[in-house]
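A short write-up of the structure that comes next.
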Amino acid sequence: MRPDPARVIVRPFKPATEPRDFNPTDKTRANHIVDRMLALDAETVASQLADVLENFEGRHRNLLKLFEARADEMEEAFNTHIAFTKEQRQLAGAYFLNEYSFEASALFNPSIVAHPDQSGVSSGSVRFVLSLRAVGEGHVSSLTFRSGIIAVDGKVSVDLTSRLASSPRISLRPGSDAIDLTFTADEDISERVIFPITESQSNGIEDARFVEFCEGGRRTYYATYTAYSGRAIRSELIETSDFVSFRLSPLKGAAARNKGMALFPRKIDGKYAMIARQDNENLYLIYSNDLYTWNEGQAILKPEFPWEFVQIGNCGSPIELDSGWLMLTHGVGPVRKYSIGAALLDKNDPSKVLARLREPLVRPDPSEREGYVPNVVYTCGAMLHRDKIIFPYAVSDTFSNFATIEVAALLEAMKA
């Protein structure tokens with residue numbers, strides 16, 4: 001799966017005001033644009049709007065509605081003017097939007113979970129949702145999705161990606177730091193793009209680690225991710241039950257000030273459990289009674305082998321096996337080379353490490369080491385399917401691939 005620069009969303013465009021000696025009572029550049037547009041006669045307005053539609057129709061759903069919605073957001077530029085005709089308002093909205101190619105540079109760091117809708121899937125197969133980090137102009141990261149089928153024998157097929165892409169309706173929750181996002185259910189899942197919204201996310205929503213969490217017969221999909229402002233990072237949480245509506249919330253506590261957190265798929269001894277790396281070097285196990293607050297934990301895994309001497313981190317939520325919790329890890333070695341390893345944790349007490357790979361499970365191949373960030377292989381989460389681990393991973397922070405691993409062979413390798 002490679003990035004496609006032809007996939008675009010529309011983003012707000014707001015011209016800057018005059019940088020010097022600006023009087024707030026003066027008209028802004030946005031007002032000047034509107035003035036020029038309103039000076040056009042009705043026939044020219046209609047012609048210009050038709051030209052815009054001809055150029056951009058087919059690249060977006062409901063283009064005129066997007067123009068009208070943007071006009072609603074630009075009331076501060078419009079309220080000094082006379083009443084608009086419908087076509088004037090639509091054309092004005094078009095002047096304050098721009099296309100953004102959200103995956104122009106990279107499509108990487110995938111995680112995978114079973115799709116909430118398994119209708120029509122043949123026995124022994126499973127439909128999945130794949131989340132991916134997309135990077136566009138300015139190294140801004142957003143979250144995008146794919147779907148597909150894992151067959152009985154573990155063969156993976158990814159559904160065709162929609163040519164279109166869309167942004168959600170955003171709702172701020174009064175008295176809360178949470179944000180609700182809602183897409184249209186009839187859109188293909190590959191159309192849905194979660195783009196940075198808040199100041200803390202302004203330069204990126206990075207490396208979402210999705211997990212299917214089960215509690216009391218209820219299934220919720222959670223994903224920890226890194227919010228990057230361009231200056232600071234923090235961990236935040238996405239939750240959804242259907243991949244149509246999402247809630248985004250910041251996490252609190254000492255561990256949430258860093259990145260690389262991964263939630264266990266169920267409570268352990270009545271508490272939520274998380275793998276974290278708050279010291280940038282070692283992996284910690286943390287328990288909490290509160291899903292949104294994570295503080296100090298117990299270091300359970302430290303760099304031990306040469307390929308991970310710089311640091312280690314998790315590669316997604318632990319996977320529950322009969323023999324314990326399988327935790328995929330990443331290690332950083334010489335020349336900042338990232339490789340993927342694995343460890344097995346005790347099922348009842350995950351602070352106990354039962355086994356660990358001495359050599360990487362996956363490492364950068366010389367034939368595929370070039371890309372946006374060379375010498376990196378990375379994943380944000382795999383899943384168990386029958387007797388196999390289905391393992392999506394990224395190459396050189398550029399494109400994504402799949403591997404299939406026999407559970408028995410992996411456990412045997414950990415004993416060596």
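By order in the structure tokens, chains are A, B, ...; within a chain, residues start at 1; ligands start at 1, following the order shown.
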
**OP:** Do a neighbour search on region 374-380 of chain A at 6 Å with only C-alpha atoms, toss out local chain neighbours closer than 4 positions, and write the hits as a list in words.
**Re:** Asn109, Pro110, Ser111, Arg209, Cys315, Gly316, Lys337, Tyr338, Ser339, Pro364, Arg369, Glu370, Tyr393, Ala394, Val395 and Ser396 of chain A

**OP:** Find the residues near Gly148 (chain A): any atom within 6 Å, counting only C-alpha atoms, skip ones fewer than 2 places away on the same chain, and give them as a list in words.
**Re:** Arg127, Phe128, Ser157, Val158 and Asp159 of chain A

Subject >> Surrounding residues of region 83-85 of chain A excluding itself and chain neighbours under 5 positions, 12 Å, only C-alpha atoms, as a count of residues only >> reply: 17

Original post:
What does the distance between CA of Lys252 (chain A) and CA of Trp294 (chain A) come to in Å, to one decimal place?
Top reply: 6.1 Å

**OP:** Measure the distance from CA of Phe183 (chain A) to CA of Ser202 (chain A) in Å and round it to one decimal.
**Re:** 20.5 Å

Subject >> Who sits within 12 Å of Val211 (chain A), only C-alpha atoms, same chain under 3 positions skipped, as a ChimeraX atom specification >> reply: /A:111-116,128-131,208,214,219-225,237-241,261-266,274,315-320,380-384

Original post:
Skipping near chain neighbours, those fewer than 6 positions away, what residues fall within 6 Å of Gly333 (chain A) using only C-alpha atoms, listed as a list of chain:residue names?
Top reply: A:Trp307, A:Glu308, A:Phe309, A:Val310

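Each of A:Gln118, A:Gly58, A:Trp325, A:Leu53 was compared to Ala94 (chain A) using only C-alpha atoms, and A:Leu53 turns out to be the nearest.
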
Subject >> Close residues, Phe391 (chain A) itself excluded, 6 Å, only C-alpha atoms, min 5 positions apart in chain, as a VMD selection string >> reply: chain A and resid 382 402 to 404

For the selection just defined, write its residues with N, CA and C atoms to a file, as a short mmCIF file (atom, residue, chain, number, x, y, z; two decimals), in the first residue's frame.
data_model
loop_
_atom_site.label_atom_id
_atom_site.label_comp_id
_atom_site.auth_asym_id
_atom_site.auth_seq_id
_atom_site.Cartn_x
_atom_site.Cartn_y
_atom_site.Cartn_z
N ALA A 382 -0.80 -5.73 15.37
CA ALA A 382 -1.13 -6.92 14.58
C ALA A 382 -2.38 -7.56 15.19
N PHE A 402 2.33 -6.41 4.37
CA PHE A 402 1.81 -7.41 5.31
C PHE A 402 2.78 -8.59 5.42
N ALA A 403 2.84 -9.15 6.61
CA ALA A 403 3.51 -10.43 6.82
C ALA A 403 2.55 -11.33 7.60
N THR A 404 2.70 -12.64 7.43
CA THR A 404 1.92 -13.63 8.18
C THR A 404 2.88 -14.50 8.96
#

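Here CA of Ala106 (chain A) is placed at a distance of 21.4 Å from CA of Val156 (chain A).
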